[in-house]
$ cat model_35.txt   # compact mmCIF, C-alpha atoms
# COMPACT_ATOMS: atom_id res chain seq x y z
CA MET R 9 -8.41 12.72 -11.14
CA ASN R 10 -6.04 10.05 -12.45
CA ILE R 11 -4.33 7.51 -10.17
CA LEU R 12 -1.48 5.14 -10.99
CA HIS R 13 -1.24 2.07 -8.72
CA ILE R 14 1.97 0.08 -8.17
CA SER R 15 2.77 -2.62 -5.64
CA ASP R 16 5.30 -5.26 -4.57
CA LEU R 17 8.57 -3.94 -6.03
CA HIS R 18 10.63 -6.27 -3.82
CA PHE R 19 13.99 -4.54 -4.15
CA GLY R 20 16.66 -6.98 -3.01
CA PRO R 21 17.18 -10.64 -4.01
CA ARG R 22 13.59 -11.00 -5.28
CA HIS R 23 13.63 -7.93 -7.51
CA TRP R 24 13.33 -8.76 -11.18
CA ASP R 25 16.08 -8.82 -13.83
CA GLY R 26 14.48 -6.23 -16.10
CA ASP R 27 15.57 -2.65 -16.84
CA ASP R 28 14.18 -0.33 -14.16
CA GLN R 29 14.83 2.75 -16.32
CA ILE R 30 12.57 1.43 -19.08
CA LEU R 31 9.95 0.67 -16.43
CA LEU R 32 10.19 4.23 -15.08
CA GLU R 33 9.84 5.71 -18.56
CA LYS R 34 6.62 3.74 -19.05
CA ILE R 35 5.25 4.78 -15.65
CA ASN R 36 6.12 8.43 -16.33
CA SER R 37 4.30 8.36 -19.66
CA PHE R 38 0.97 8.34 -17.81
CA ASP R 39 -0.66 11.56 -16.61
CA ALA R 40 -1.10 10.68 -12.93
CA ASP R 41 -2.26 13.13 -10.27
CA ILE R 42 -1.45 10.57 -7.56
CA VAL R 43 0.77 7.48 -7.54
CA ILE R 44 -0.13 4.99 -4.81
CA ASN R 45 2.29 2.24 -3.81
CA THR R 46 0.74 -0.53 -1.73
CA GLY R 47 3.80 -2.10 -0.17
CA ASP R 48 6.47 -4.80 -0.20
CA ASN R 49 9.02 -2.30 -1.46
CA THR R 50 11.81 -4.64 -0.31
CA THR R 51 12.63 -8.30 0.24
CA ASP R 52 13.71 -8.14 3.89
CA GLY R 53 13.32 -4.51 5.00
CA LEU R 54 17.09 -3.94 4.96
CA GLU R 55 18.49 -0.42 4.77
CA ASP R 56 20.12 -0.82 1.35
CA GLU R 57 16.89 -2.28 -0.06
CA CYS R 58 14.85 0.63 1.32
CA ALA R 59 17.35 3.11 -0.10
CA GLU R 60 17.17 1.50 -3.54
CA ALA R 61 13.36 1.44 -3.49
CA GLY R 62 13.35 5.07 -2.38
CA ARG R 63 15.54 6.12 -5.31
CA PHE R 64 13.18 4.37 -7.72
CA LEU R 65 10.07 5.97 -6.22
CA LYS R 66 11.64 9.44 -6.23
CA ALA R 67 12.30 9.05 -9.97
CA ILE R 68 8.55 8.86 -10.64
CA LYS R 69 7.50 12.21 -12.08
CA CYS R 70 4.47 12.86 -9.95
CA LYS R 71 4.40 15.27 -7.00
CA ASN R 72 2.03 13.00 -5.05
CA VAL R 73 3.71 9.60 -4.63
CA ILE R 74 2.17 7.95 -1.55
CA SER R 75 3.61 4.69 -0.23
CA THR R 76 2.53 2.21 2.39
CA TRP R 77 4.54 -0.85 3.32
CA GLY R 78 4.12 -4.63 3.39
CA ASN R 79 5.03 -7.73 5.35
CA HIS R 80 8.40 -8.04 3.57
CA ASP R 81 9.22 -4.47 4.55
CA LYS R 82 8.55 -5.31 8.20
CA ARG R 83 11.09 -8.07 8.78
CA ASN R 84 13.51 -6.43 11.20
CA MET R 85 13.15 -4.18 14.22
CA ARG R 86 14.54 -1.11 12.45
CA SER R 87 12.64 -1.50 9.20
CA HIS R 88 10.09 1.17 10.16
CA GLU R 89 12.95 3.64 10.62
CA PHE R 90 14.38 2.78 7.19
CA PHE R 91 10.96 3.08 5.55
CA ARG R 92 10.45 6.56 6.97
CA LYS R 93 13.98 7.64 6.12
CA TYR R 94 14.03 6.52 2.49
CA ILE R 95 10.47 5.93 1.25
CA ASP R 96 7.70 7.87 3.01
CA ASN R 97 8.05 10.17 6.01
CA SER R 98 4.40 11.03 6.56
CA GLU R 99 3.36 11.98 10.10
CA ILE R 100 2.51 8.80 11.97
CA ILE R 101 -0.72 8.34 13.93
CA SER R 102 0.26 6.46 17.09
CA ILE R 103 -1.31 5.34 20.34
CA SER R 104 -0.25 5.31 23.97
CA GLU R 105 1.82 2.36 25.11
CA THR R 106 -0.49 2.07 28.10
CA ILE R 107 -3.37 1.03 25.83
CA LYS R 108 -3.81 -2.72 25.73
CA THR R 109 -3.19 -3.98 22.21
CA ARG R 110 -3.38 -7.40 20.57
CA LYS R 111 -1.10 -6.80 17.61
CA LYS R 112 2.24 -8.51 18.25
CA ASN R 113 5.40 -6.38 18.44
CA ILE R 114 3.55 -3.12 17.90
CA PHE R 115 5.75 -1.72 20.66
CA LEU R 116 9.41 -2.69 21.05
CA ASP R 117 11.09 -2.81 24.44
CA ARG R 118 13.38 0.20 24.22
CA GLU R 119 15.62 -1.06 27.03
CA ILE R 120 16.29 -4.28 25.12
CA THR R 121 16.36 -3.09 21.52
CA LYS R 122 18.09 0.26 22.17
CA VAL R 123 16.30 1.71 19.14
CA GLU R 124 15.09 5.29 19.28
CA ASP R 125 11.74 4.69 17.58
CA TYR R 126 10.03 1.80 19.36
CA PHE R 127 6.52 2.13 17.83
CA THR R 128 6.53 -0.13 14.77
CA ASP R 129 3.19 0.63 13.09
CA ILE R 130 3.03 3.15 10.23
CA ASN R 131 -0.46 4.63 9.86
CA PHE R 132 -1.21 8.06 8.44
CA ILE R 133 -3.67 10.24 6.57
CA LYS R 134 -2.71 12.77 3.92
CA SER R 135 -4.86 15.45 2.24
CA ILE R 136 -4.15 16.20 -1.41
CA SER R 137 -5.84 18.93 -3.48
CA ILE R 138 -6.69 17.81 -7.03
CA ASN R 139 -8.75 20.00 -9.38
CA GLY R 140 -10.39 21.86 -6.52
CA LYS R 141 -11.27 18.67 -4.62
CA THR R 142 -9.61 17.37 -1.47
CA VAL R 143 -8.60 13.72 -1.66
CA LEU R 144 -7.89 12.04 1.69
CA ILE R 145 -5.39 9.18 1.45
CA ILE R 146 -5.74 6.85 4.44
CA SER R 147 -2.87 4.40 4.95
CA ILE R 148 -3.44 1.53 7.39
CA ASP R 149 -0.62 -0.79 8.49
CA THR R 150 -1.95 -4.34 8.18
CA ASN R 151 1.46 -5.96 8.76
CA GLU R 152 2.89 -7.60 11.88
CA LEU R 153 6.60 -7.45 12.62
CA TYR R 154 8.37 -10.74 11.73
CA SER R 155 5.13 -12.27 10.37
CA ASP R 156 3.71 -13.04 6.92
CA ASP R 157 0.13 -13.00 8.24
CA GLY R 158 -1.66 -9.69 8.46
CA TYR R 159 -3.32 -8.10 11.47
CA VAL R 160 -4.86 -4.69 12.08
CA GLU R 161 -4.96 -3.15 15.54
CA LYS R 162 -8.41 -1.87 16.53
CA GLU R 163 -6.98 0.80 18.84
CA ILE R 164 -5.07 2.16 15.86
CA LEU R 165 -8.23 2.24 13.76
CA ASN R 166 -9.92 4.22 16.55
CA ALA R 167 -7.04 6.71 16.60
CA VAL R 168 -7.10 7.10 12.81
CA SER R 169 -10.89 7.54 12.90
CA LYS R 170 -10.52 10.48 15.30
CA GLU R 171 -8.08 12.15 12.89
CA ILE R 172 -10.40 11.57 9.93
CA GLU R 173 -13.38 13.03 11.81
CA GLN R 174 -11.41 16.26 12.34
CA THR R 175 -10.49 16.56 8.65
CA GLU R 176 -12.49 18.06 5.80
CA TYR R 177 -12.32 16.20 2.49
CA ASP R 178 -14.29 15.30 -0.62
CA LEU R 179 -13.07 11.80 -1.48
CA PRO R 180 -11.51 9.24 0.91
CA LEU R 181 -9.23 6.47 -0.43
CA LEU R 182 -7.77 3.59 1.58
CA ILE R 183 -4.36 2.12 0.79
CA THR R 184 -3.10 -0.97 2.59
CA HIS R 185 -0.98 -4.02 1.79
CA TYR R 186 -3.26 -6.96 2.58
CA SER R 187 -6.57 -7.58 0.87
CA ILE R 188 -9.54 -6.98 3.15
CA LEU R 189 -11.82 -9.17 1.01
CA GLY R 190 -9.80 -11.92 -0.61
CA THR R 191 -8.63 -15.20 0.88
CA ASP R 192 -4.94 -16.01 0.86
CA GLU R 193 -2.51 -18.48 2.40
CA CYS R 194 -1.07 -15.54 4.39
CA PRO R 195 -4.26 -13.54 5.09
CA LEU R 196 -5.31 -10.47 7.03
CA LYS R 197 -6.54 -12.38 10.06
CA ASN R 198 -9.09 -9.86 11.33
CA SER R 199 -10.18 -8.23 8.09
CA ALA R 200 -13.71 -7.64 9.44
CA ALA R 201 -12.37 -4.80 11.60
CA LEU R 202 -11.01 -3.00 8.54
CA ILE R 203 -14.21 -3.62 6.55
CA ASP R 204 -16.16 -1.97 9.38
CA PHE R 205 -13.69 0.95 9.26
CA VAL R 206 -14.26 1.33 5.50
CA GLN R 207 -18.03 1.34 5.95
CA LYS R 208 -17.86 3.76 8.88
CA HIS R 209 -16.01 6.38 6.85
CA LYS R 210 -17.88 5.71 3.58
CA ILE R 211 -14.66 4.85 1.73
CA GLY R 212 -15.55 3.97 -1.84
CA TYR R 213 -12.16 2.76 -3.11
CA VAL R 214 -9.68 0.41 -1.44
CA PHE R 215 -6.23 -0.32 -2.95
CA CYS R 216 -3.93 -3.20 -1.93
CA GLY R 217 -1.29 -5.67 -3.16
CA HIS R 218 0.46 -8.62 -1.45
CA THR R 219 -0.54 -11.66 -3.55
CA HIS R 220 1.12 -10.49 -6.81
CA GLU R 221 -2.15 -11.17 -8.60
CA LEU R 222 -4.82 -8.97 -10.12
CA GLU R 223 -8.13 -8.94 -8.26
CA ILE R 224 -10.97 -6.46 -8.69
CA MET R 225 -14.07 -6.83 -6.54
CA GLN R 226 -17.08 -4.75 -5.58
CA THR R 227 -19.01 -5.34 -2.38
CA ASN R 228 -22.70 -4.76 -1.83
CA ASP R 229 -23.91 -4.84 1.77
CA LEU R 230 -27.66 -5.24 1.33
CA TYR R 231 -28.39 -4.57 5.01
CA GLN R 232 -26.20 -1.50 5.50
CA GLY R 233 -26.91 -0.26 1.98
CA TYR R 234 -23.25 0.44 1.28
CA SER R 235 -20.70 -0.79 -1.23
CA PHE R 236 -17.04 -0.21 -2.09
CA THR R 237 -14.65 -1.25 -4.84
CA HIS R 238 -11.53 -3.23 -3.96
CA PHE R 239 -8.49 -3.14 -6.28
CA MET R 240 -5.62 -5.59 -5.82
CA CYS R 241 -2.61 -4.92 -8.05
CA GLY R 242 -0.06 -7.53 -9.10
CA SER R 243 3.69 -7.09 -8.66
CA LEU R 244 5.41 -4.17 -10.37
CA SER R 245 8.73 -5.97 -10.76
CA SER R 246 9.23 -9.13 -8.76
CA ARG R 247 10.41 -12.67 -9.40
CA ASN R 248 9.11 -13.91 -6.06
CA HIS R 249 7.37 -16.96 -7.54
CA SER R 250 6.52 -18.39 -10.93
CA ASN R 251 2.95 -17.07 -10.92
CA ASP R 252 3.91 -13.41 -10.61
CA ASP R 253 1.71 -11.02 -12.57
CA ASN R 254 4.10 -8.15 -13.29
CA MET R 255 1.87 -5.15 -13.91
CA PHE R 256 0.62 -1.79 -12.78
CA LEU R 257 -2.82 -0.17 -12.92
CA TYR R 258 -3.94 3.23 -14.18
CA TYR R 259 -7.29 4.62 -13.01
CA GLU R 260 -8.67 7.41 -15.16
CA ASN R 261 -11.30 9.92 -13.96
CA VAL R 262 -11.54 8.45 -10.44
CA GLY R 263 -14.60 9.64 -8.55
CA SER R 264 -16.65 10.30 -11.68
CA ASN R 265 -19.19 8.29 -13.67
CA ASP R 266 -16.65 8.16 -16.50
CA MET R 267 -14.01 6.21 -14.57
CA HIS R 268 -11.84 3.77 -16.56
CA LEU R 269 -9.27 1.20 -15.48
CA HIS R 270 -6.24 0.36 -17.61
CA LEU R 271 -4.09 -2.70 -16.95
CA ILE R 272 -0.46 -2.55 -18.08
CA ARG R 273 1.27 -5.93 -18.03
CA ILE R 274 5.07 -6.19 -18.05
CA PHE R 275 7.00 -8.97 -19.78
CA LEU R 276 10.71 -9.72 -19.87
CA GLU R 277 11.55 -11.71 -23.00
CA MET R 278 15.00 -12.34 -24.46
CA GLY R 279 16.44 -9.69 -22.17
CA LYS R 280 14.00 -7.00 -23.34
CA VAL R 281 11.07 -5.40 -21.53
CA HIS R 282 7.68 -5.47 -23.26
CA PHE R 283 4.38 -3.89 -22.23
CA LYS R 284 0.82 -4.91 -23.05
CA GLN R 285 -2.00 -2.54 -22.17
CA GLU R 286 -5.69 -3.33 -21.97
CA LYS R 287 -8.73 -1.36 -20.90
CA VAL R 288 -10.58 -3.33 -18.21
CA PHE R 289 -13.61 -1.02 -18.12
$ encode --input "model_35.txt" --output "structure tokens"
Amino acid sequence: MNILHISDLHFGPRHWDGDDQILLEKINSFDADIVINTGDNTTDGLEDECAEAGRFLKAIKCKNVISTWGNHDKRNMRSHEFFRKYIDNSEIISISETIKTRKKNIFLDREITKVEDYFTDINFIKSISINGKTVLIISIDTNELYSDDGYVEKEILNAVSKEIEQTEYDLPLLITHYSILGTDECPLKNSAALIDFVQKHKIGYVFCGHTHELEIMQTNDLYQGYSFTHFMCGSLSSRNHSNDDNMFLYYENVGSNDMHLHLIRIFLEMGKVHFKQEKVF
């Protein structure tokens, strides 16, 4: 199974000045069974930004393009509606409003906002059949509405766990926006809860974005006897700050002993797009 990993497109004012068509041609030159997109599709979660990001993602020639969203996508009270309309309309796993939660703005007051969909978290699982194996994509919303810090709701993790336990699969993968291992100036504040979730379901691969930097780590819990690999991808096409690493990742033979990771860096020089590819392992 081959996976292509993109993140942090930032359509809107922070989207880059390069040629998106050339970028798409490069992406489509890889033989990907699954394309995973780990969030920040937009700058401010506006409808036109979501629509533009959606058009780009639909132009990727892979039948399994799975997207989660990021803190920039969650900057207005209707952003979850726009995300589901234009980018990914997977069936959401929700919880009862009567359950006490600690995640801010997870429920909107329908009488005040007058929006139809008042549950703001987007969490889902999706089963994909690849070469006779069932891959379970688990998407966890680590973003808080109106905030650049991350937070995961434990009641949501419990609800997702129940869905996972009722599903048959061969290989589970977690996609989320915030790193669950790295430190950052805008961190996932309760990352331990998500690490416990990963260990509980024996998830071997975790994919994220957010910092616009490449980070590849492998854990080894000596007490529990369990480890997982954590892949953080840089920005696909953003000019958010001067340290952006514009790139995408290509994982070859995932789930086998012959797995390889390819890093494709993207450069814009003299108005032209250039690519540099290297094999990480």
$ atom_distance --input "model_35.txt" --atom1 "CA of Ile148 (chain R)" --atom2 "CA of His185 (chain R)"
8.3 Å
$ closest_atom_pairs --input "model_35.txt" --of "region 187-273 of chain R" --to "region 44-54 of chain R" --cutoff "9 Å" --atoms "all atoms listed in the file" --output "JSON lines"
{"residue": "R:Phe215", "atom": "CA", "partner": "R:Thr46", "partner_atom": "CA", "distance": 7.1}
{"residue": "R:Cys216", "atom": "CA", "partner": "R:Thr46", "partner_atom": "CA", "distance": 5.4}
{"residue": "R:Gly217", "atom": "CA", "partner": "R:Thr46", "partner_atom": "CA", "distance": 5.7}
{"residue": "R:His218", "atom": "CA", "partner": "R:Asp48", "partner_atom": "CA", "distance": 7.2}
{"residue": "R:Cys241", "atom": "CA", "partner": "R:Thr46", "partner_atom": "CA", "distance": 8.4}
$ residues_around --input "model_35.txt" --residues "Ile11 (chain R)" --least-positions-apart "2" --cutoff "7 Å" --atoms "all atoms listed in the file" --output "CSV table (one decimal) with C-alpha atoms, in the coordinates of the input"
chain,number,residue,atom,x,y,z
R,9,MET,CA,-8.4,12.7,-11.1
R,13,HIS,CA,-1.2,2.1,-8.7
R,40,ALA,CA,-1.1,10.7,-12.9
R,41,ASP,CA,-2.3,13.1,-10.3
R,42,ILE,CA,-1.4,10.6,-7.6
R,43,VAL,CA,0.8,7.5,-7.5
R,258,TYR,CA,-3.9,3.2,-14.2
R,259,TYR,CA,-7.3,4.6,-13.0
R,260,GLU,CA,-8.7,7.4,-15.2
$ closest_residue --input "model_35.txt" --among "R:Val262, R:Ile224, R:Leu12, R:Ala201" --to "Phe38 (chain R)" --atoms "all atoms listed in the file"
R:Leu12
$ residues_near_point --input "model_35.txt" --point "(10.6, 7.2, -12.7)" --cutoff "7 Å" --atoms "all atoms listed in the file" --output "mmCIF file with C-alpha atoms, in the coordinates of the input"
data_model
loop_
_atom_site.group_PDB
_atom_site.id
_atom_site.type_symbol
_atom_site.label_atom_id
_atom_site.label_comp_id
_atom_site.auth_asym_id
_atom_site.auth_seq_id
_atom_site.Cartn_x
_atom_site.Cartn_y
_atom_site.Cartn_z
ATOM 1 C CA LEU R 32 10.190 4.230 -15.080
ATOM 2 C CA GLU R 33 9.840 5.710 -18.560
ATOM 3 C CA ILE R 35 5.250 4.780 -15.650
ATOM 4 C CA ASN R 36 6.120 8.430 -16.330
ATOM 5 C CA PHE R 64 13.180 4.370 -7.720
ATOM 6 C CA LEU R 65 10.070 5.970 -6.220
ATOM 7 C CA LYS R 66 11.640 9.440 -6.230
ATOM 8 C CA ALA R 67 12.300 9.050 -9.970
ATOM 9 C CA ILE R 68 8.550 8.860 -10.640
ATOM 10 C CA LYS R 69 7.500 12.210 -12.080
#
$ residues_around --input "model_35.txt" --residues "Ile107 (chain R)" --least-positions-apart "6" --cutoff "12 Å" --atoms "all atoms listed in the file" --output "list in words"
Ile114, Phe115, Glu161, Lys162, Glu163, Ile164, Asn166 and Ala167 of chain R
$ closest_residue --input "model_35.txt" --among "R:Asn79, R:Gln226, R:Asn113, R:Asn139" --to "Asp156 (chain R)" --atoms "all atoms listed in the file"
R:Asn79
$ atom_distance --input "model_35.txt" --atom1 "CA of Ile274 (chain R)" --atom2 "CA of Ile183 (chain R)"
22.6 Å
$ residues_around --input "model_35.txt" --residues "Ser187 (chain R)" --least-positions-apart "5" --cutoff "12 Å" --atoms "all atoms listed in the file" --output "PyMOL selection string"
chain R and resi 46-47+78+148-151+157-160+182+192-200+202-203+214-225+237-242
$ atom_distance --input "model_35.txt" --atom1 "CA of Arg22 (chain R)" --atom2 "CA of Arg247 (chain R)"
5.5 Å
$ closest_residue --input "model_35.txt" --among "R:Leu257, R:Leu17, R:Ile138, R:Met85" --to "Ala61 (chain R)" --atoms "all atoms listed in the file"
R:Leu17
$ closest_residue --input "model_35.txt" --among "R:His270, R:Lys170, R:His88, R:His282" --to "Tyr126 (chain R)" --atoms "all atoms listed in the file"
R:His88
$ residues_near_point --input "model_35.txt" --point "(20.5, -8.0, -4.5)" --cutoff "10 Å" --atoms "all atoms listed in the file" --output "tab-separated table (two decimals) with C-alpha atoms, keeping the file's coordinate frame"
chain	number	residue	atom	x	y	z
R	19	PHE	CA	13.99	-4.54	-4.15
R	20	GLY	CA	16.66	-6.98	-3.01
R	21	PRO	CA	17.18	-10.64	-4.01
R	22	ARG	CA	13.59	-11.00	-5.28
R	23	HIS	CA	13.63	-7.93	-7.51
R	24	TRP	CA	13.33	-8.76	-11.18
R	51	THR	CA	12.63	-8.30	0.24
R	56	ASP	CA	20.12	-0.82	1.35
R	57	GLU	CA	16.89	-2.28	-0.06
$ residues_around --input "model_35.txt" --residues "Phe256 (chain R)" --least-positions-apart "3" --cutoff "6 Å" --atoms "only C-alpha atoms" --output "list in words"
His13, Ile14, Leu244 and Ile272 of chain R
$ closest_residue --input "model_35.txt" --among "R:Phe205, R:Trp77, R:Tyr213, R:Tyr177" --to "Thr128 (chain R)" --atoms "all atoms listed in the file"
R:Trp77
$ closest_residue --input "model_35.txt" --among "R:Lys141, R:His268, R:Arg110, R:Lys122" --to "Glu286 (chain R)" --atoms "all atoms listed in the file"
R:His268
$ residues_around --input "model_35.txt" --residues "Asp27 (chain R)" --least-positions-apart "2" --cutoff "10 Å" --atoms "all atoms listed in the file" --output "list in words"
Trp24, Asp25, Gln29, Ile30, Leu31, Leu32, Ser245, Leu276, Gly279, Lys280 and Val281 of chain R
$ decode --input "model_35.txt" --residues "region 255-265 of chain R" --atoms "all heavy atoms" --output "tab-separated table (two decimals), in the first residue's frame"
chain	number	residue	atom	x	y	z
R	255	MET	N	6.53	21.02	1.08
R	255	MET	CA	6.86	19.62	0.79
R	255	MET	C	5.61	18.76	0.80
R	255	MET	O	4.54	19.18	1.21
R	255	MET	CB	7.82	19.08	1.85
R	255	MET	CG	7.18	19.00	3.24
R	255	MET	SD	8.24	18.21	4.48
R	255	MET	CE	9.52	19.42	4.64
R	256	PHE	N	5.78	17.52	0.36
R	256	PHE	CA	4.82	16.46	0.69
R	256	PHE	C	5.61	15.17	0.84
R	256	PHE	O	6.80	15.08	0.48
R	256	PHE	CB	3.69	16.34	-0.34
R	256	PHE	CG	4.10	16.01	-1.75
R	256	PHE	CD1	4.19	14.69	-2.19
R	256	PHE	CD2	4.38	17.02	-2.66
R	256	PHE	CE1	4.56	14.39	-3.48
R	256	PHE	CE2	4.73	16.73	-3.97
R	256	PHE	CZ	4.83	15.41	-4.39
R	257	LEU	N	4.97	14.15	1.42
R	257	LEU	CA	5.62	12.89	1.72
R	257	LEU	C	4.93	11.75	0.99
R	257	LEU	O	3.72	11.75	0.81
R	257	LEU	CB	5.60	12.61	3.23
R	257	LEU	CG	6.28	13.65	4.13
R	257	LEU	CD1	6.04	13.32	5.60
R	257	LEU	CD2	7.77	13.73	3.84
R	258	TYR	N	5.74	10.78	0.57
R	258	TYR	CA	5.21	9.60	-0.12
R	258	TYR	C	5.73	8.36	0.59
R	258	TYR	O	6.94	8.14	0.69
R	258	TYR	CB	5.66	9.60	-1.58
R	258	TYR	CG	5.15	8.43	-2.40
R	258	TYR	CD1	3.79	8.27	-2.65
R	258	TYR	CD2	6.04	7.49	-2.91
R	258	TYR	CE1	3.33	7.20	-3.41
R	258	TYR	CE2	5.59	6.42	-3.67
R	258	TYR	CZ	4.23	6.28	-3.92
R	258	TYR	OH	3.77	5.23	-4.67
R	259	TYR	N	4.81	7.56	1.13
R	259	TYR	CA	5.14	6.35	1.88
R	259	TYR	C	4.87	5.14	0.99
R	259	TYR	O	3.74	4.92	0.56
R	259	TYR	CB	4.31	6.24	3.15
R	259	TYR	CG	4.28	7.50	4.00
R	259	TYR	CD1	3.36	8.51	3.74
R	259	TYR	CD2	5.15	7.66	5.07
R	259	TYR	CE1	3.32	9.66	4.52
R	259	TYR	CE2	5.12	8.80	5.85
R	259	TYR	CZ	4.20	9.79	5.57
R	259	TYR	OH	4.15	10.92	6.35
R	260	GLU	N	5.92	4.38	0.74
R	260	GLU	CA	5.83	3.24	-0.16
R	260	GLU	C	5.83	1.94	0.64
R	260	GLU	O	6.61	1.77	1.57
R	260	GLU	CB	7.03	3.28	-1.10
R	260	GLU	CG	6.95	2.37	-2.30
R	260	GLU	CD	8.14	2.56	-3.23
R	260	GLU	OE1	9.17	3.14	-2.80
R	260	GLU	OE2	8.06	2.11	-4.38
R	261	ASN	N	4.91	1.03	0.30
R	261	ASN	CA	4.81	-0.28	0.94
R	261	ASN	C	4.52	-0.17	2.44
R	261	ASN	O	5.17	-0.83	3.27
R	261	ASN	CB	6.10	-1.10	0.73
R	261	ASN	CG	6.42	-1.31	-0.73
R	261	ASN	OD1	5.52	-1.51	-1.55
R	261	ASN	ND2	7.69	-1.24	-1.08
R	262	VAL	N	3.56	0.69	2.79
R	262	VAL	CA	3.18	0.86	4.20
R	262	VAL	C	2.63	-0.44	4.76
R	262	VAL	O	1.86	-1.14	4.12
R	262	VAL	CB	2.13	1.99	4.33
R	262	VAL	CG1	1.67	2.12	5.78
R	262	VAL	CG2	2.69	3.30	3.82
R	263	GLY	N	3.05	-0.76	5.98
R	263	GLY	CA	2.58	-1.97	6.63
R	263	GLY	C	3.42	-3.19	6.35
R	263	GLY	O	3.10	-4.29	6.82
R	264	SER	N	4.50	-3.02	5.58
R	264	SER	CA	5.39	-4.14	5.28
R	264	SER	C	6.78	-3.85	5.82
R	264	SER	O	7.10	-2.73	6.22
R	264	SER	CB	5.46	-4.37	3.77
R	264	SER	OG	6.27	-3.38	3.14
R	265	ASN	N	7.64	-4.85	5.80
R	265	ASN	CA	9.03	-4.67	6.23
R	265	ASN	C	9.86	-3.93	5.20
R	265	ASN	O	11.01	-3.56	5.46
R	265	ASN	CB	9.66	-6.04	6.53
R	265	ASN	CG	9.03	-6.72	7.73
R	265	ASN	OD1	8.60	-6.07	8.67
R	265	ASN	ND2	8.97	-8.04	7.69
